[in-house]
$ cat protein_10.cif   # mmCIF, C-alpha atoms
data_data
#
loop_
_atom_site.label_atom_id
_atom_site.label_comp_id
_atom_site.auth_asym_id
_atom_site.auth_seq_id
_atom_site.Cartn_x
_atom_site.Cartn_y
_atom_site.Cartn_z
CA MET A 1 -32.47 -16.30 67.53
CA PRO A 2 -33.58 -18.69 70.29
CA VAL A 3 -30.95 -20.53 72.33
CA MET A 4 -30.55 -24.12 71.04
CA LYS A 5 -31.89 -26.79 73.37
CA PHE A 6 -30.20 -30.12 74.10
CA THR A 7 -31.12 -33.09 76.27
CA ASP A 8 -29.18 -33.64 79.51
CA LYS A 9 -27.15 -36.44 77.91
CA GLU A 10 -26.39 -34.35 74.83
CA GLN A 11 -25.27 -31.52 77.12
CA ALA A 12 -22.97 -33.93 78.96
CA VAL A 13 -21.45 -35.06 75.64
CA LEU A 14 -21.01 -31.47 74.42
CA ALA A 15 -19.43 -30.34 77.69
CA LEU A 16 -16.86 -33.13 77.33
CA ALA A 17 -16.33 -32.47 73.60
CA GLY A 18 -15.83 -28.77 74.34
CA ALA A 19 -13.14 -29.55 76.92
CA ASP A 20 -9.93 -31.47 76.12
CA LEU A 21 -10.24 -34.78 74.24
CA PRO A 22 -9.45 -37.85 76.39
CA ASP A 23 -5.97 -39.23 75.65
CA GLY A 24 -6.31 -42.67 74.07
CA PRO A 25 -6.93 -44.53 70.81
CA GLU A 26 -10.74 -44.35 71.12
CA PRO A 27 -11.48 -40.93 72.65
CA PHE A 28 -15.14 -40.86 71.58
CA ALA A 29 -15.82 -44.17 73.29
CA ASP A 30 -14.24 -42.59 76.41
CA ILE A 31 -16.59 -39.58 76.14
CA ALA A 32 -19.55 -41.94 75.61
CA GLY A 33 -18.63 -43.84 78.76
CA LEU A 34 -18.34 -40.64 80.83
CA ALA A 35 -21.68 -39.29 79.52
CA GLY A 36 -23.51 -42.61 79.80
CA VAL A 37 -24.42 -42.89 76.10
CA GLY A 38 -23.29 -45.06 73.18
CA GLU A 39 -20.25 -44.19 71.05
CA GLY A 40 -22.50 -44.03 67.98
CA GLU A 41 -24.63 -41.33 69.60
CA VAL A 42 -21.52 -39.26 70.41
CA LEU A 43 -20.16 -39.48 66.88
CA GLY A 44 -23.62 -38.92 65.38
CA LEU A 45 -24.20 -35.76 67.43
CA LEU A 46 -20.73 -34.31 66.84
CA ASN A 47 -20.79 -35.01 63.09
CA ARG A 48 -24.26 -33.49 62.76
CA LEU A 49 -23.35 -30.31 64.68
CA ARG A 50 -20.13 -29.98 62.70
CA SER A 51 -21.97 -30.26 59.38
CA GLU A 52 -24.51 -27.67 60.57
CA GLY A 53 -21.73 -25.28 61.58
CA VAL A 54 -22.81 -25.24 65.24
CA ILE A 55 -19.38 -26.76 65.86
CA ARG A 56 -17.41 -24.38 63.66
CA ARG A 57 -14.23 -26.39 64.16
CA PHE A 58 -13.35 -29.64 65.88
CA GLY A 59 -9.61 -29.88 66.23
CA ALA A 60 -6.39 -28.98 67.94
CA THR A 61 -5.80 -25.47 69.27
CA LEU A 62 -2.12 -24.56 69.26
CA ARG A 63 -0.14 -22.22 71.41
CA HIS A 64 0.85 -19.89 68.59
CA GLN A 65 4.05 -18.64 70.13
CA LYS A 66 5.30 -22.23 70.30
CA ALA A 67 4.22 -22.92 66.72
CA GLY A 68 6.15 -19.95 65.37
CA TYR A 69 3.46 -17.24 65.12
CA GLY A 70 4.37 -15.29 68.22
CA HIS A 71 3.40 -11.78 67.14
CA ASN A 72 -0.06 -10.38 66.73
CA ALA A 73 -1.74 -7.02 66.55
CA MET A 74 -5.38 -6.03 66.56
CA VAL A 75 -5.96 -3.11 64.23
CA ALA A 76 -9.18 -1.07 64.36
CA TRP A 77 -9.90 0.79 61.10
CA LEU A 78 -12.04 3.85 60.49
CA VAL A 79 -13.61 3.35 57.08
CA PRO A 80 -14.60 6.79 55.77
CA GLU A 81 -18.20 7.40 54.74
CA ASP A 82 -17.40 7.44 51.02
CA LYS A 83 -16.18 3.84 51.20
CA ASP A 84 -18.20 0.65 51.58
CA PRO A 85 -17.07 -1.08 54.80
CA GLU A 86 -18.16 -4.47 53.45
CA ALA A 87 -15.93 -4.14 50.39
CA VAL A 88 -13.02 -3.07 52.63
CA GLY A 89 -13.68 -5.98 54.99
CA ARG A 90 -13.65 -8.50 52.17
CA ILE A 91 -10.33 -7.19 50.83
CA MET A 92 -8.73 -7.38 54.28
CA ALA A 93 -10.18 -10.83 55.03
CA ALA A 94 -8.57 -12.23 51.87
CA ARG A 95 -5.07 -11.73 53.31
CA PRO A 96 -3.60 -14.94 54.80
CA GLU A 97 -2.00 -13.05 57.74
CA ILE A 98 -5.48 -12.04 58.96
CA SER A 99 -7.19 -14.55 61.25
CA HIS A 100 -10.23 -12.47 62.21
CA CYS A 101 -11.96 -9.68 60.34
CA TYR A 102 -15.18 -8.17 61.71
CA LEU A 103 -17.44 -5.18 61.22
CA ARG A 104 -18.46 -3.82 64.64
CA ARG A 105 -20.79 -1.19 66.06
CA THR A 106 -19.08 2.13 66.80
CA HIS A 107 -19.23 4.35 69.87
CA PRO A 108 -19.10 8.18 70.07
CA ASP A 109 -15.63 7.91 71.65
CA TRP A 110 -14.56 5.10 69.32
CA PRO A 111 -15.49 5.58 65.65
CA TYR A 112 -13.53 2.60 64.31
CA ASN A 113 -15.70 -0.01 62.59
CA ILE A 114 -13.53 -2.72 60.98
CA TYR A 115 -11.30 -4.93 63.13
CA THR A 116 -8.49 -7.18 61.91
CA MET A 117 -6.32 -9.58 63.87
CA ILE A 118 -2.92 -9.75 62.18
CA HIS A 119 -0.37 -12.49 62.87
CA GLY A 120 3.33 -12.54 62.09
CA LYS A 121 6.39 -14.64 62.71
CA ASN A 122 8.74 -11.73 63.31
CA PRO A 123 8.47 -8.38 65.11
CA GLY A 124 7.48 -5.77 62.55
CA ASP A 125 5.51 -8.22 60.39
CA CYS A 126 2.17 -7.02 61.76
CA LEU A 127 2.89 -3.32 61.24
CA ARG A 128 4.10 -4.03 57.69
CA VAL A 129 0.88 -5.93 56.90
CA ALA A 130 -1.20 -3.08 58.37
CA GLU A 131 0.63 -0.61 56.11
CA GLU A 132 -0.02 -2.85 53.09
CA LEU A 133 -3.72 -3.15 53.99
CA ALA A 134 -3.93 0.65 54.20
CA ALA A 135 -2.37 0.99 50.75
CA LEU A 136 -4.59 -1.75 49.33
CA THR A 137 -7.88 -0.32 50.61
CA GLY A 138 -7.15 3.41 50.86
CA VAL A 139 -8.30 3.30 54.50
CA ARG A 140 -5.55 5.12 56.37
CA GLU A 141 -7.08 6.03 59.72
CA ARG A 142 -6.45 3.23 62.19
CA GLU A 143 -5.46 2.35 65.72
CA VAL A 144 -2.90 -0.39 66.25
CA LEU A 145 -3.55 -2.27 69.49
CA LEU A 146 -0.47 -4.29 70.29
CA SER A 147 -0.96 -6.93 72.94
CA VAL A 148 1.40 -6.47 75.88
CA GLY A 149 -0.10 -9.01 78.25
CA GLU A 150 -2.62 -11.83 78.44
CA LEU A 151 -5.04 -11.28 81.33
CA LYS A 152 -7.29 -14.25 80.51
CA LYS A 153 -7.53 -16.84 77.74
CA THR A 154 -9.91 -19.74 77.94
CA SER A 155 -12.54 -21.57 75.93
CA MET A 156 -16.19 -20.81 76.49
CA SER A 157 -18.16 -23.44 78.42
CA TYR A 158 -21.61 -23.38 76.87
CA PHE A 159 -22.76 -26.62 78.49
CA MET B 1 9.10 -30.72 65.77
CA ASP B 2 9.78 -32.54 62.48
CA ASP B 3 7.92 -32.54 59.16
CA LEU B 4 5.63 -35.40 60.18
CA ASP B 5 4.63 -33.52 63.35
CA LYS B 6 3.85 -30.45 61.22
CA ARG B 7 1.74 -32.48 58.80
CA ILE B 8 -0.17 -34.02 61.69
CA LEU B 9 -0.76 -30.57 63.21
CA ASP B 10 -2.05 -29.26 59.88
CA LEU B 11 -4.47 -32.17 59.65
CA ILE B 12 -5.85 -32.08 63.16
CA GLN B 13 -6.18 -28.31 63.53
CA SER B 14 -8.99 -27.93 61.03
CA ASP B 15 -10.46 -31.41 60.88
CA PHE B 16 -9.85 -33.90 63.65
CA PRO B 17 -11.46 -37.16 62.39
CA LEU B 18 -14.80 -37.69 64.12
CA GLU B 19 -14.68 -41.48 63.95
CA ALA B 20 -14.14 -44.35 66.38
CA ARG B 21 -10.35 -44.66 65.88
CA PRO B 22 -9.27 -41.18 64.79
CA TYR B 23 -5.51 -41.78 65.11
CA ASP B 24 -5.73 -44.67 62.62
CA ALA B 25 -7.22 -42.20 60.11
CA ILE B 26 -4.57 -39.57 60.91
CA GLY B 27 -1.78 -42.14 60.63
CA ALA B 28 -3.10 -43.41 57.30
CA ARG B 29 -2.90 -39.86 55.89
CA VAL B 30 0.77 -39.40 56.82
CA GLY B 31 2.10 -42.97 56.53
CA LEU B 32 2.15 -43.96 60.22
CA THR B 33 0.29 -46.54 62.28
CA GLY B 34 -2.45 -45.31 64.57
CA ALA B 35 -0.26 -45.99 67.59
CA GLU B 36 2.59 -43.92 66.13
CA ALA B 37 0.24 -41.04 65.30
CA LEU B 38 -1.22 -41.12 68.82
CA ALA B 39 2.29 -41.15 70.35
CA ARG B 40 3.22 -38.04 68.36
CA VAL B 41 0.03 -36.18 69.28
CA ARG B 42 0.55 -37.15 72.93
CA LYS B 43 4.07 -35.68 72.81
CA LEU B 44 2.86 -32.44 71.17
CA ARG B 45 0.27 -32.11 73.93
CA SER B 46 2.70 -32.77 76.75
CA ARG B 47 5.19 -30.26 75.28
CA GLY B 48 2.43 -27.64 75.18
CA VAL B 49 2.46 -27.13 71.39
CA ILE B 50 -1.16 -28.32 71.39
CA ARG B 51 -3.15 -26.43 74.01
CA ARG B 52 -6.32 -28.46 73.61
CA ILE B 53 -8.20 -30.77 71.22
CA GLY B 54 -11.95 -30.39 71.08
CA ALA B 55 -15.07 -28.73 69.73
CA ASN B 56 -15.23 -24.99 69.12
CA PHE B 57 -18.80 -23.82 69.04
CA GLN B 58 -20.25 -20.99 66.98
CA SER B 59 -21.92 -18.91 69.66
CA ARG B 60 -24.39 -17.32 67.21
CA LYS B 61 -25.56 -20.70 65.87
CA LEU B 62 -26.20 -21.78 69.46
CA GLY B 63 -28.33 -18.63 69.74
CA TRP B 64 -25.87 -16.83 72.04
CA SER B 65 -24.61 -13.24 71.79
CA SER B 66 -21.06 -11.94 71.98
CA THR B 67 -19.22 -8.65 71.97
CA LEU B 68 -15.81 -7.00 72.18
CA CYS B 69 -15.27 -4.61 75.08
CA ALA B 70 -12.67 -1.95 75.77
CA ALA B 71 -11.85 0.12 78.84
CA ARG B 72 -9.42 2.83 79.91
CA VAL B 73 -8.03 1.59 83.19
CA PRO B 74 -5.49 3.54 85.28
CA GLU B 75 -2.25 1.58 85.77
CA ASP B 76 -2.73 1.28 89.54
CA ARG B 77 -6.22 -0.21 89.14
CA LEU B 78 -5.43 -2.79 86.45
CA GLU B 79 -5.23 -5.74 88.78
CA GLU B 80 -8.51 -4.94 90.52
CA PHE B 81 -10.36 -4.28 87.24
CA ALA B 82 -9.00 -7.41 85.53
CA ALA B 83 -10.01 -9.54 88.50
CA GLU B 84 -13.55 -8.14 88.41
CA VAL B 85 -13.83 -8.75 84.63
CA ASN B 86 -12.19 -12.19 84.65
CA ARG B 87 -14.55 -13.42 87.35
CA HIS B 88 -17.23 -13.68 84.64
CA PRO B 89 -17.29 -17.05 82.84
CA GLY B 90 -18.53 -15.22 79.70
CA VAL B 91 -15.15 -13.47 79.44
CA THR B 92 -12.98 -15.82 77.37
CA HIS B 93 -10.19 -13.50 76.19
CA ASN B 94 -8.79 -10.48 77.99
CA TYR B 95 -5.68 -8.64 76.81
CA LEU B 96 -3.65 -5.72 78.01
CA ARG B 97 -2.85 -3.53 74.99
CA ARG B 98 -0.52 -0.58 74.57
CA HIS B 99 -3.13 2.16 74.03
CA ARG B 100 -5.21 4.68 75.99
CA TYR B 101 -7.89 1.96 75.81
CA ASN B 102 -5.63 -0.57 77.47
CA VAL B 103 -7.95 -3.45 78.46
CA TRP B 104 -9.76 -5.41 75.73
CA PHE B 105 -11.94 -8.40 76.45
CA THR B 106 -14.63 -10.53 74.81
CA TYR B 107 -17.96 -11.32 76.45
CA ILE B 108 -20.26 -14.24 75.47
CA ALA B 109 -23.74 -14.73 77.02
CA PRO B 110 -27.10 -16.26 76.10
CA SER B 111 -28.54 -12.84 75.13
CA ARG B 112 -27.70 -9.17 74.50
CA GLN B 113 -29.61 -8.26 77.67
CA ASP B 114 -27.34 -10.55 79.70
CA ILE B 115 -24.26 -8.87 78.24
CA GLU B 116 -25.55 -5.34 78.84
CA ALA B 117 -26.51 -6.18 82.43
CA ALA B 118 -23.11 -7.75 83.12
CA LEU B 119 -21.18 -4.80 81.67
CA ALA B 120 -23.34 -2.33 83.59
CA GLY B 121 -22.59 -4.34 86.72
CA ILE B 122 -18.82 -4.20 86.16
CA SER B 123 -18.99 -0.44 85.51
CA ALA B 124 -21.12 0.17 88.61
CA LYS B 125 -18.69 -1.79 90.75
CA THR B 126 -15.47 -0.28 89.39
CA GLY B 127 -16.61 3.17 88.20
CA ILE B 128 -14.90 2.47 84.86
CA GLU B 129 -16.84 2.95 81.61
CA ILE B 130 -16.79 0.06 79.14
CA LEU B 131 -17.13 0.32 75.35
CA ASP B 132 -19.52 -2.36 74.08
CA LEU B 133 -18.68 -3.10 70.42
CA PRO B 134 -20.90 -5.95 69.19
CA MET B 135 -20.15 -7.55 65.85
CA GLU B 136 -22.36 -6.56 62.93
CA LYS B 137 -20.75 -8.70 60.27
CA MET B 138 -18.08 -11.40 60.21
CA PHE B 139 -15.80 -11.46 57.19
CA LYS B 140 -13.39 -14.07 58.50
CA ILE B 141 -12.56 -16.27 61.43
CA LYS B 142 -9.67 -18.66 61.12
CA VAL B 143 -7.62 -19.93 63.99
CA ASP B 144 -5.41 -22.52 62.36
CA PHE B 145 -2.14 -21.85 60.65
CA ASP B 146 -0.43 -23.81 57.92
CA MET B 147 2.70 -25.21 59.55
CA ASN B 148 4.37 -26.18 56.28
CA SER B 149 4.49 -22.98 54.29
CA GLU B 150 6.33 -19.74 54.88
CA GLN B 151 3.09 -17.83 55.43
CA GLY B 152 -0.14 -19.06 56.90
CA GLN B 153 -2.29 -20.36 54.10
CA ASP B 154 -6.01 -20.05 54.26
CA PRO B 155 -7.44 -23.53 54.79
CA GLY B 156 -10.94 -22.25 54.08
CA GLN B 157 -13.08 -19.87 56.03
CA GLU B 158 -14.84 -21.12 59.07
CA GLN B 159 -18.28 -20.03 60.06
#
$ encode --input "protein_10.cif" --output "structure tokens"
Amino acid sequence: MPVMKFTDKEQAVLALAGADLPDGPEPFADIAGLAGVGEGEVLGLLNRLRSEGVIRRFGATLRHQKAGYGHNAMVAWLVPEDKDPEAVGRIMAARPEISHCYLRRTHPDWPYNIYTMIHGKNPGDCLRVAEELAALTGVREREVLLSVGELKKTSMSYF
Amino acid sequence: MDDLDKRILDLIQSDFPLEARPYDAIGARVGLTGAEALARVRKLRSRGVIRRIGANFQSRKLGWSSTLCAARVPEDRLEEFAAEVNRHPGVTHNYLRRHRYNVWFTYIAPSRQDIEAALAGISAKTGIEILDLPMEKMFKIKVDFDMNSEQGQDPGQEQ
């Protein structure tokens, strides 16, 4: 898939929209002023990219620990050959405690193929959900990867 | 944080209004004036509950590639390895996890070749092998949580 191309002014708008929204009653007019375009162009571009899914979400990002979801665990699952990983992935993705569910390439030293990010309000919630997912899908073999420190967390700057 | 704050957070996590006076629209949904809604959002930002408000791009729709990486890093080399990894703007998340594979990070770049070259560069520099686990299928990505119910409710899958 080729990399999407934007004009210099569009790139300026998207760099600002991908950062933190200006604080004021008319933030898109503020972005327009900084990028040297009209407010209508800013709103037109952002609405179009959101409807196309290029902007998968435009909104507030919370600090989860402050919003009450302080615990998370990444669990890597080894789906055995007699099971369909796509069916397993769909079952796991349906659970509300799961924020991310992906099928990934394996490695000779790392045969796990399905990854789930589990969130909980209390310690123990994540392990309980993992146990329930194992019972639900029959996939038992897994590695629980509890986060013990954040080394970097930022948003990607594409523009 | 009171109930009105929680309702505002629910609204603006998934769908911040992309219109000229967004806080008027938010206020109208929860029974506040635009100025009152803006004042509440401003307070949630200054208290750190909201980390950021803005666009989140779908790297694949932009034509970019991404992957999840893991490495086994000796305790006494963690700082050095993390610094080398975090130097790369394509690394957006990097976590220390309690596991023999103790460092897990994401890498986003315009192409697979860029990612492979960058990972090879980190390995050459540090002598530490890196597992490259690109996504083959996404079943779910959801980063907002329902603030008003006991468990996070799925507000609809994002692409």
$ resolve_selection --input "protein_10.cif" --expression "the PyMOL selection byres ((chain A) within 7 of (chain B))" --output "ChimeraX atom specification"
/A:1-4,17-21,25-26,28,43,47,53-63,66-67,89-90,93,96-97,99-106,145-156
$ atom_distance --input "protein_10.cif" --atom1 "atom CA of Asp5 of chain B" --atom2 "atom CA of Thr33 of chain B"
13.8 Å
$ resolve_selection --input "protein_10.cif" --expression "the PyMOL selection byres ((chain A and resi 9) around 10)" --output "JSON, numbers by chain"
{"A": [6, 7, 8, 10, 11, 12, 13, 14, 15, 32, 35, 36, 37, 41, 42]}
$ write_last_selection --input "protein_10.cif" --atoms "C-alpha atoms" --output "PDB file, in the coordinates of the input"
ATOM      1  CA  PHE A   6     -30.200 -30.120  74.100  1.00  0.00           C
ATOM      2  CA  THR A   7     -31.120 -33.090  76.270  1.00  0.00           C
ATOM      3  CA  ASP A   8     -29.180 -33.640  79.510  1.00  0.00           C
ATOM      4  CA  GLU A  10     -26.390 -34.350  74.830  1.00  0.00           C
ATOM      5  CA  GLN A  11     -25.270 -31.520  77.120  1.00  0.00           C
ATOM      6  CA  ALA A  12     -22.970 -33.930  78.960  1.00  0.00           C
ATOM      7  CA  VAL A  13     -21.450 -35.060  75.640  1.00  0.00           C
ATOM      8  CA  LEU A  14     -21.010 -31.470  74.420  1.00  0.00           C
ATOM      9  CA  ALA A  15     -19.430 -30.340  77.690  1.00  0.00           C
ATOM     10  CA  ALA A  32     -19.550 -41.940  75.610  1.00  0.00           C
ATOM     11  CA  ALA A  35     -21.680 -39.290  79.520  1.00  0.00           C
ATOM     12  CA  GLY A  36     -23.510 -42.610  79.800  1.00  0.00           C
ATOM     13  CA  VAL A  37     -24.420 -42.890  76.100  1.00  0.00           C
ATOM     14  CA  GLU A  41     -24.630 -41.330  69.600  1.00  0.00           C
ATOM     15  CA  VAL A  42     -21.520 -39.260  70.410  1.00  0.00           C
TER      16      VAL A  42
END
$ atom_distance --input "protein_10.cif" --atom1 "atom CA of Arg29 of chain B" --atom2 "atom CA of Arg50 of chain A"
21.0 Å
$ atom_distance --input "protein_10.cif" --atom1 "atom CA of Ile114 of chain A" --atom2 "atom CA of Leu78 of chain A"
6.8 Å
$ closest_residue --input "protein_10.cif" --among "A:Asp125, A:Leu16, A:His71, A:Ala135" --to "Gly33 of chain A" --atoms "all atoms listed in the file"
A:Leu16
